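Novice: Take a look at model_17.pdb, PDB, C-alpha atoms, pLDDT in the B column:
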ATOM      1  CA  MET A  29      72.947 110.025 251.122  1.00 97.00           C
ATOM      2  CA  LYS A  30      73.507 109.108 247.495  1.00 98.00           C
ATOM      3  CA  ILE A  31      75.687 110.950 244.956  1.00 98.00           C
ATOM      4  CA  GLU A  32      75.288 110.550 241.197  1.00 98.00           C
ATOM      5  CA  ARG A  33      77.737 112.072 238.706  1.00 98.00           C
ATOM      6  CA  LEU A  34      76.608 112.904 235.182  1.00 98.00           C
ATOM      7  CA  PRO A  35      79.268 114.315 232.815  1.00 98.00           C
ATOM      8  CA  VAL A  36      77.222 116.599 230.557  1.00 97.00           C
ATOM      9  CA  GLY A  37      77.693 118.992 227.679  1.00 90.00           C
ATOM     10  CA  ILE A  38      80.471 119.234 225.131  1.00 84.00           C
ATOM     11  CA  TYR A  39      83.041 119.813 227.874  1.00 88.00           C
ATOM     12  CA  ALA A  40      81.824 116.890 230.015  1.00 94.00           C
ATOM     13  CA  ALA A  41      81.347 119.024 233.105  1.00 97.00           C
ATOM     14  CA  ASN A  42      80.317 117.005 236.127  1.00 98.00           C
ATOM     15  CA  CYS A  43      76.699 117.545 237.125  1.00 98.00           C
ATOM     16  CA  TYR A  44      75.950 116.023 240.517  1.00 98.00           C
ATOM     17  CA  ILE A  45      72.581 114.811 241.736  1.00 98.00           C
ATOM     18  CA  ILE A  46      72.729 114.341 245.506  1.00 98.00           C
ATOM     19  CA  TYR A  47      69.785 113.100 247.490  1.00 98.00           C
ATOM     20  CA  CYS A  48      68.555 111.874 250.848  1.00 98.00           C
ATOM     21  CA  GLU A  49      67.513 108.242 250.630  1.00 97.00           C
ATOM     22  CA  ASP A  50      65.009 108.652 253.470  1.00 97.00           C
ATOM     23  CA  THR A  51      63.090 111.647 252.123  1.00 98.00           C
ATOM     24  CA  LYS A  52      63.911 111.568 248.390  1.00 98.00           C
ATOM     25  CA  GLU A  53      64.698 115.279 248.613  1.00 98.00           C
ATOM     26  CA  GLY A  54      67.793 116.307 246.694  1.00 98.00           C
ATOM     27  CA  ILE A  55      69.901 118.966 245.043  1.00 98.00           C
ATOM     28  CA  VAL A  56      71.566 119.401 241.669  1.00 98.00           C
ATOM     29  CA  ILE A  57      75.030 120.921 241.395  1.00 98.00           C
ATOM     30  CA  ASP A  58      76.072 122.470 238.066  1.00 98.00           C
ATOM     31  CA  PRO A  59      73.594 121.367 235.368  1.00 97.00           C
ATOM     32  CA  GLY A  60      76.067 122.205 232.622  1.00 93.00           C
ATOM     33  CA  GLY A  61      74.153 120.871 229.643  1.00 91.00           C
ATOM     34  CA  GLU A  62      71.873 118.108 228.400  1.00 94.00           C
ATOM     35  CA  GLY A  63      69.107 119.134 230.756  1.00 95.00           C
ATOM     36  CA  ASP A  64      66.871 116.394 229.358  1.00 97.00           C
ATOM     37  CA  ILE A  65      69.292 113.714 230.546  1.00 97.00           C
ATOM     38  CA  ILE A  66      69.517 115.290 234.010  1.00 98.00           C
ATOM     39  CA  LEU A  67      65.738 115.515 234.275  1.00 98.00           C
ATOM     40  CA  GLU A  68      65.286 111.952 233.077  1.00 98.00           C
ATOM     41  CA  ARG A  69      67.576 110.729 235.856  1.00 98.00           C
ATOM     42  CA  ILE A  70      65.760 112.842 238.444  1.00 98.00           C
ATOM     43  CA  ARG A  71      62.427 111.377 237.332  1.00 98.00           C
ATOM     44  CA  LYS A  72      63.778 107.834 237.368  1.00 98.00           C
ATOM     45  CA  LEU A  73      64.995 108.322 240.937  1.00 97.00           C
ATOM     46  CA  ASP A  74      61.642 109.945 241.836  1.00 98.00           C
ATOM     47  CA  LEU A  75      63.311 112.927 243.513  1.00 98.00           C
ATOM     48  CA  ASN A  76      62.061 116.273 244.747  1.00 98.00           C
ATOM     49  CA  ILE A  77      64.859 118.716 243.903  1.00 98.00           C
ATOM     50  CA  LYS A  78      65.029 121.529 246.451  1.00 98.00           C
ATOM     51  CA  TYR A  79      68.048 123.475 245.183  1.00 98.00           C
ATOM     52  CA  ILE A  80      70.116 123.859 242.042  1.00 98.00           C
ATOM     53  CA  ILE A  81      73.496 125.133 243.226  1.00 98.00           C
ATOM     54  CA  ILE A  82      75.911 126.716 240.754  1.00 98.00           C
ATOM     55  CA  THR A  83      79.607 126.583 241.717  1.00 98.00           C
ATOM     56  CA  HIS A  84      80.446 129.343 239.233  1.00 96.00           C
ATOM     57  CA  GLY A  85      78.944 131.075 236.228  1.00 93.00           C
ATOM     58  CA  HIS A  86      80.748 129.603 233.213  1.00 89.00           C
ATOM     59  CA  VAL A  87      78.587 128.163 230.444  1.00 88.00           C
ATOM     60  CA  ASP A  88      79.823 124.597 230.817  1.00 88.00           C
ATOM     61  CA  HIS A  89      78.311 124.596 234.323  1.00 92.00           C
ATOM     62  CA  ILE A  90      75.043 126.409 233.554  1.00 93.00           C
ATOM     63  CA  GLY A  91      74.141 125.300 230.021  1.00 91.00           C
ATOM     64  CA  GLY A  92      71.280 123.091 231.226  1.00 93.00           C
ATOM     65  CA  LEU A  93      70.196 125.333 234.086  1.00 95.00           C
ATOM     66  CA  ALA A  94      67.057 126.818 232.552  1.00 93.00           C
ATOM     67  CA  GLU A  95      65.745 123.424 231.471  1.00 95.00           C
ATOM     68  CA  VAL A  96      66.420 121.762 234.827  1.00 97.00           C
ATOM     69  CA  LYS A  97      64.863 124.674 236.721  1.00 96.00           C
ATOM     70  CA  ASP A  98      61.768 124.548 234.537  1.00 96.00           C
ATOM     71  CA  GLY A  99      61.524 120.785 235.018  1.00 97.00           C
ATOM     72  CA  THR A 100      61.969 120.765 238.788  1.00 98.00           C
ATOM     73  CA  GLY A 101      60.855 124.159 240.096  1.00 97.00           C
ATOM     74  CA  ALA A 102      63.953 124.153 242.307  1.00 98.00           C
ATOM     75  CA  THR A 103      65.499 127.305 243.773  1.00 98.00           C
ATOM     76  CA  VAL A 104      68.667 128.377 241.926  1.00 97.00           C
ATOM     77  CA  LEU A 105      71.559 129.465 244.149  1.00 98.00           C
ATOM     78  CA  ILE A 106      74.841 131.168 243.234  1.00 97.00           C
ATOM     79  CA  HIS A 107      77.331 133.492 244.924  1.00 97.00           C
ATOM     80  CA  GLU A 108      76.439 137.134 244.309  1.00 96.00           C
ATOM     81  CA  GLN A 109      79.803 137.892 242.675  1.00 96.00           C
ATOM     82  CA  ASP A 110      78.995 135.480 239.841  1.00 95.00           C
ATOM     83  CA  GLU A 111      75.409 136.619 239.320  1.00 92.00           C
ATOM     84  CA  GLU A 112      76.217 138.794 236.306  1.00 88.00           C
ATOM     85  CA  MET A 113      77.804 135.820 234.581  1.00 85.00           C
ATOM     86  CA  LEU A 114      74.444 134.072 234.474  1.00 83.00           C
ATOM     87  CA  LYS A 115      72.845 137.015 232.690  1.00 82.00           C
ATOM     88  CA  ASP A 116      75.640 137.930 230.275  1.00 73.00           C
ATOM     89  CA  ALA A 117      76.611 135.585 227.431  1.00 77.00           C
ATOM     90  CA  THR A 118      79.991 137.306 227.099  1.00 78.00           C
ATOM     91  CA  LYS A 119      80.829 136.945 230.790  1.00 75.00           C
ATOM     92  CA  ASN A 120      79.704 133.323 230.999  1.00 69.00           C
ATOM     93  CA  LEU A 121      81.646 132.616 227.788  1.00 74.00           C
ATOM     94  CA  SER A 122      78.701 131.106 225.903  1.00 71.00           C
ATOM     95  CA  SER A 123      79.079 133.788 223.224  1.00 70.00           C
ATOM     96  CA  MET A 124      82.524 132.326 222.446  1.00 70.00           C
ATOM     97  CA  MET A 125      81.536 128.647 222.477  1.00 67.00           C
ATOM     98  CA  PRO A 126      80.045 126.360 219.804  1.00 63.00           C
ATOM     99  CA  THR A 127      76.782 126.241 221.767  1.00 65.00           C
ATOM    100  CA  ARG A 128      73.775 128.527 221.974  1.00 66.00           C
ATOM    101  CA  GLU A 129      74.177 131.630 224.082  1.00 65.00           C
ATOM    102  CA  THR A 130      73.096 131.169 227.692  1.00 72.00           C
ATOM    103  CA  GLN A 131      71.400 133.938 229.632  1.00 69.00           C
ATOM    104  CA  THR A 132      69.517 133.076 232.802  1.00 76.00           C
ATOM    105  CA  SER A 133      69.225 134.152 236.437  1.00 83.00           C
ATOM    106  CA  ALA A 134      69.412 132.946 240.043  1.00 91.00           C
ATOM    107  CA  ASP A 135      66.710 133.026 242.706  1.00 95.00           C
ATOM    108  CA  LYS A 136      68.914 133.591 245.748  1.00 97.00           C
ATOM    109  CA  PHE A 137      72.527 134.267 246.660  1.00 97.00           C
ATOM    110  CA  VAL A 138      74.677 132.170 248.976  1.00 98.00           C
ATOM    111  CA  GLU A 139      77.678 133.345 250.963  1.00 97.00           C
ATOM    112  CA  ASP A 140      80.717 131.910 252.697  1.00 98.00           C
ATOM    113  CA  GLY A 141      79.823 129.834 255.739  1.00 97.00           C
ATOM    114  CA  GLU A 142      76.109 129.682 254.953  1.00 98.00           C
ATOM    115  CA  LYS A 143      74.354 126.441 255.868  1.00 98.00           C
ATOM    116  CA  LEU A 144      71.375 124.943 254.046  1.00 98.00           C
ATOM    117  CA  ASN A 145      69.634 121.617 254.264  1.00 97.00           C
ATOM    118  CA  PHE A 146      67.951 119.017 252.102  1.00 98.00           C
ATOM    119  CA  GLY A 147      66.378 115.909 253.541  1.00 97.00           C
ATOM    120  CA  ASN A 148      68.436 114.869 256.558  1.00 98.00           C
ATOM    121  CA  HIS A 149      71.641 116.485 255.314  1.00 98.00           C
ATOM    122  CA  ILE A 150      73.413 119.804 255.847  1.00 98.00           C
ATOM    123  CA  ILE A 151      75.118 121.825 253.097  1.00 98.00           C
ATOM    124  CA  GLU A 152      77.935 124.245 253.908  1.00 98.00           C
ATOM    125  CA  ILE A 153      78.911 126.901 251.372  1.00 98.00           C
ATOM    126  CA  ILE A 154      82.617 127.719 251.056  1.00 98.00           C
ATOM    127  CA  HIS A 155      83.559 130.785 248.995  1.00 98.00           C
ATOM    128  CA  THR A 156      86.586 129.714 246.946  1.00 98.00           C
ATOM    129  CA  PRO A 157      87.403 132.493 244.459  1.00 98.00           C
ATOM    130  CA  GLY A 158      90.229 132.267 241.961  1.00 97.00           C
ATOM    131  CA  HIS A 159      88.681 130.570 238.940  1.00 97.00           C
ATOM    132  CA  THR A 160      85.948 133.208 239.139  1.00 97.00           C
ATOM    133  CA  LEU A 161      85.244 135.933 241.687  1.00 97.00           C
ATOM    134  CA  GLY A 162      82.185 134.164 243.059  1.00 97.00           C
ATOM    135  CA  GLY A 163      83.330 130.570 242.812  1.00 98.00           C
ATOM    136  CA  ILE A 164      82.114 128.329 245.609  1.00 98.00           C
ATOM    137  CA  SER A 165      82.745 124.842 246.908  1.00 98.00           C
ATOM    138  CA  ILE A 166      79.984 122.875 248.600  1.00 98.00           C
ATOM    139  CA  LYS A 167      80.622 120.648 251.614  1.00 98.00           C
ATOM    140  CA  ILE A 168      78.128 117.928 252.486  1.00 98.00           C
ATOM    141  CA  GLU A 169      79.304 115.671 255.299  1.00 97.00           C
ATOM    142  CA  GLU A 170      82.637 114.099 254.275  1.00 98.00           C
ATOM    143  CA  ASN A 171      82.331 115.313 250.652  1.00 98.00           C
ATOM    144  CA  ILE A 172      83.380 118.576 248.983  1.00 98.00           C
ATOM    145  CA  PHE A 173      82.159 119.565 245.535  1.00 98.00           C
ATOM    146  CA  THR A 174      84.871 121.919 244.324  1.00 98.00           C
ATOM    147  CA  GLY A 175      83.630 123.130 240.933  1.00 98.00           C
ATOM    148  CA  ASP A 176      86.592 124.339 238.877  1.00 98.00           C
ATOM    149  CA  THR A 177      88.679 125.308 241.901  1.00 98.00           C
ATOM    150  CA  LEU A 178      90.367 121.988 242.677  1.00 98.00           C
ATOM    151  CA  PHE A 179      90.685 118.970 240.382  1.00 98.00           C
ATOM    152  CA  ALA A 180      92.319 115.590 240.836  1.00 98.00           C
ATOM    153  CA  GLY A 181      95.968 116.509 240.293  1.00 97.00           C
ATOM    154  CA  SER A 182      95.312 120.033 239.088  1.00 98.00           C
ATOM    155  CA  ILE A 183      93.481 123.321 239.636  1.00 98.00           C
ATOM    156  CA  GLY A 184      91.112 125.483 237.637  1.00 97.00           C
ATOM    157  CA  ARG A 185      92.168 127.949 234.974  1.00 96.00           C
ATOM    158  CA  THR A 186      92.801 131.499 236.098  1.00 96.00           C
ATOM    159  CA  ASP A 187      93.184 133.249 232.740  1.00 93.00           C
ATOM    160  CA  PHE A 188      89.507 134.098 232.256  1.00 91.00           C
ATOM    161  CA  PRO A 189      88.072 137.438 233.459  1.00 90.00           C
ATOM    162  CA  GLY A 190      87.805 137.396 237.249  1.00 92.00           C
ATOM    163  CA  GLY A 191      90.432 134.698 237.587  1.00 94.00           C
ATOM    164  CA  SER A 192      93.473 134.950 239.847  1.00 97.00           C
ATOM    165  CA  TYR A 193      96.191 132.355 240.360  1.00 97.00           C
ATOM    166  CA  LYS A 194      97.115 133.843 243.735  1.00 97.00           C
ATOM    167  CA  GLN A 195      93.500 133.770 244.846  1.00 98.00           C
ATOM    168  CA  ILE A 196      92.783 130.203 243.743  1.00 98.00           C
ATOM    169  CA  ILE A 197      95.857 128.905 245.572  1.00 98.00           C
ATOM    170  CA  GLU A 198      94.810 130.808 248.689  1.00 98.00           C
ATOM    171  CA  SER A 199      91.307 129.345 248.431  1.00 98.00           C
ATOM    172  CA  ILE A 200      92.672 125.810 248.186  1.00 98.00           C
ATOM    173  CA  LYS A 201      95.280 126.142 250.915  1.00 97.00           C
ATOM    174  CA  ARG A 202      93.243 128.199 253.393  1.00 97.00           C
ATOM    175  CA  LYS A 203      89.797 126.726 252.882  1.00 97.00           C
ATOM    176  CA  LEU A 204      89.930 123.263 251.304  1.00 98.00           C
ATOM    177  CA  ILE A 205      92.987 121.263 252.286  1.00 96.00           C
ATOM    178  CA  LEU A 206      92.317 121.983 255.943  1.00 96.00           C
ATOM    179  CA  TYR A 207      89.672 119.254 255.934  1.00 98.00           C
ATOM    180  CA  PRO A 208      90.523 115.659 256.951  1.00 98.00           C
ATOM    181  CA  ASP A 209      92.582 113.631 254.491  1.00 98.00           C
ATOM    182  CA  ASP A 210      89.734 111.193 253.840  1.00 98.00           C
ATOM    183  CA  THR A 211      87.382 113.980 252.700  1.00 98.00           C
ATOM    184  CA  ILE A 212      86.264 113.122 249.168  1.00 98.00           C
ATOM    185  CA  VAL A 213      86.767 115.772 246.472  1.00 98.00           C
ATOM    186  CA  TYR A 214      84.211 115.866 243.668  1.00 98.00           C
ATOM    187  CA  PRO A 215      85.466 118.340 241.048  1.00 98.00           C
ATOM    188  CA  GLY A 216      83.729 120.081 238.175  1.00 98.00           C
ATOM    189  CA  HIS A 217      85.578 117.952 235.610  1.00 98.00           C
ATOM    190  CA  GLY A 218      87.250 114.578 235.772  1.00 97.00           C
ATOM    191  CA  PRO A 219      87.487 111.926 238.475  1.00 98.00           C
ATOM    192  CA  SER A 220      87.057 112.290 242.207  1.00 98.00           C
ATOM    193  CA  SER A 221      89.971 112.406 244.640  1.00 98.00           C
ATOM    194  CA  THR A 222      90.587 113.009 248.340  1.00 98.00           C
ATOM    195  CA  ILE A 223      92.020 115.902 250.281  1.00 98.00           C
ATOM    196  CA  GLY A 224      94.876 113.658 251.440  1.00 97.00           C
ATOM    197  CA  ARG A 225      95.761 112.620 247.903  1.00 98.00           C
ATOM    198  CA  GLU A 226      95.781 116.205 246.671  1.00 98.00           C
ATOM    199  CA  LYS A 227      97.908 117.395 249.601  1.00 96.00           C
ATOM    200  CA  ALA A 228     100.425 114.646 248.849  1.00 96.00           C
ATOM    201  CA  SER A 229     100.653 114.812 245.074  1.00 96.00           C
ATOM    202  CA  ASN A 230      98.922 117.806 243.477  1.00 97.00           C
ATOM    203  CA  PRO A 231     101.831 119.812 242.008  1.00 96.00           C
ATOM    204  CA  PHE A 232     100.028 123.108 242.621  1.00 96.00           C
ATOM    205  CA  ILE A 233      99.686 122.369 246.339  1.00 92.00           C
ATOM    206  CA  VAL A 234     102.784 120.397 247.291  1.00 87.00           C
ATOM    207  CA  GLU A 235     105.482 122.694 248.635  1.00 68.00           C
TER     208      GLU A 235
END
Please express the file's structure as structure tokens.

Specialist:
Amino acid sequence: MKIERLPVGIYAANCYIIYCEDTKEGIVIDPGGEGDIILERIRKLDLNIKYIIITHGHVDHIGGLAEVKDGTGATVLIHEQDEEMLKDATKNLSSMMPTRETQTSADKFVEDGEKLNFGNHIIEIIHTPGHTLGGISIKIEENIFTGDTLFAGSIGRTDFPGGSYKQIIESIKRKLILYPDDTIVYPGHGPSSTIGREKASNPFIVE
């Protein structure tokens, strides 16, 4: 399995292209902007994108969604509690940002514990609310893509509508840091980390 990180959009949100080397089937996580750049990379790698998975419905994670969907024909997945954010420019915050308003839709909903596959690999959906009501993390083998729930040395904001500091801490402590220390964390912004590193030094987790 290969993982490519593309920081996209004015907020440099991490878009991930993950694919099976054997089958060339892959997924895209959070096409937050610059859909042309994402599509160019997909074409260069000669991939068949099966799913576009959205960790949460804020504009910096969905700004390139329509373009990438049109270019790949992939199925768009999101947690049901964030569906309205895709459709509403006020809820996804694009109406407040120096970008064009974003209004789009998903094809299917995912839920906590659901398993999907691409190529030879299994995806596990982990519902991790707190940054938004329907925020999810995505586990693929020894990797977790945490969206804006858990960052290297920090956590996501909880002051937007649907956010809850208590809930995001519960999501991290009850659902994420239970994985082995060498599990790699790929967040929605910034560099990667590991579960062990965050347990040892993240000031929001360390007790």

Novice: Taking the file as shown, what set of residues would the PyMOL selection byres ((chain A and resi 190) around 12) give back, as a list in words?

Specialist: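 So the PyMOL selection byres ((chain A and resi 190) around 12) ends up selecting His84, Gly85, His86, Gln109, Asp110, Glu112, Met113, Lys119, Asn120, Pro157, Gly158, His159, Thr160, Leu161, Gly162, Gly163, Arg185, Thr186, Asp187, Phe188, Pro189, Gly191, Ser192, Tyr193, Lys194, Gln195 and Ile196 of chain A.
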
Novice: How far is it from atom CA of Phe173 of chain A to atom CA of Asp88 of chain A, in Å with one decimal?

Specialist: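 These two atoms are separated by 15.7 Å.
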
Novice: List the residues sitting within 12 Å of (99.2, 114.7, 250.4) in the file's frame, using all atoms listed in the file, as a list in words.

Specialist: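 Returned residue set, sorted by chain then number, is Ala180, Gly181, Ile205, Leu206, Tyr207, Pro208, Asp209, Asp210, Ser221, Thr222, Ile223, Gly224, Arg225, Glu226, Lys227, Ala228, Ser229, Asn230, Pro231, Phe232, Ile233, Val234 and Glu235 of chain A.
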
Novice: Separation of atom CA of Arg71 of chain A and atom CA of Lys115 of chain A, in Å?

Specialist: 28.1 Å

Novice: Starting from the shown file, work through the PyMOL selection byres ((chain A and resi 89-106) around 6) and note down what comes out as a list in words.

Specialist: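 Applied to this file, the PyMOL selection byres ((chain A and resi 89-106) around 6) selects Asp58, Pro59, Gly60, Gly61, Glu62, Gly63, Ile77, Lys78, Tyr79, Ile80, Ile81, Ile82, His86, Val87, Asp88, His107, Ala134, Asp135, Lys136, Phe137 and Val138 of chain A.
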
Novice: Please determine, counting all atoms listed in the file, which residue among A:Ile212, A:Ile70, A:Ile168, A:Ile65 has the shortest atom-to-atom distance to Asn148 of chain A.

Specialist: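 The closest residue to Asn148 of chain A is A:Ile168.
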
Novice: To one decimal in Å, tell me the separation between atom CA of Glu170 of chain A and atom CA of Ser199 of chain A.

Specialist: 18.5 Å

Novice: Apply the PyMOL selection byres ((chain A and resi 51) around 9) to the displayed file and report the matching residues as a ChimeraX atom specification.

Specialist: /A:47-50,52-54,75-76,146-148

Novice: Quick one: what's the axis-aligned box for segment 132-144 of chain A, all listed atoms, 8 Å on every side, centre and edges in Å to one decimal, as AutoDock Vina command-line options?

Specialist:
--center_x 73.7 --center_y 129.6 --center_z 244.3 --size_x 30.0 --size_y 25.3 --size_z 39.1

Novice: Give the answer as one residue: which of A:Leu121, A:Ile46, A:Asp116, A:Pro219 has the shortest atom-to-atom distance to Ser133 of chain A, using all atoms listed in the file?

Specialist: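 Ranking A:Leu121, A:Ile46, A:Asp116, A:Pro219 by distance to Ser133 of chain A, first place goes to A:Asp116.
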
Novice: Select, from A:Ile55, A:Leu34, A:Ala41, A:Leu144, the residue with the minimum atom-to-atom distance to Asp176 of chain A, counting all atoms listed in the file.

Specialist: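 Result for the nearest residue to Asp176 of chain A: A:Ala41.
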
Novice: In terms of the shortest atom-to-atom distance over only C-alpha atoms, which of A:Val56, A:Thr156, A:Thr130, A:Thr174 is closest to Tyr214 of chain A?

Specialist: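 Going through A:Val56, A:Thr156, A:Thr130, A:Thr174 one by one, the smallest distance to Tyr214 of chain A is for A:Thr174.
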
Novice: Let me make sure I understand: among A:Ile153, A:Cys43, A:Ile38, A:Leu178, which one has the smallest atom-to-atom distance to Ile197 of chain A if we use all atoms listed in the file?

Specialist: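 Ranked by minimum distance to Ile197 of chain A, first place goes to A:Leu178.
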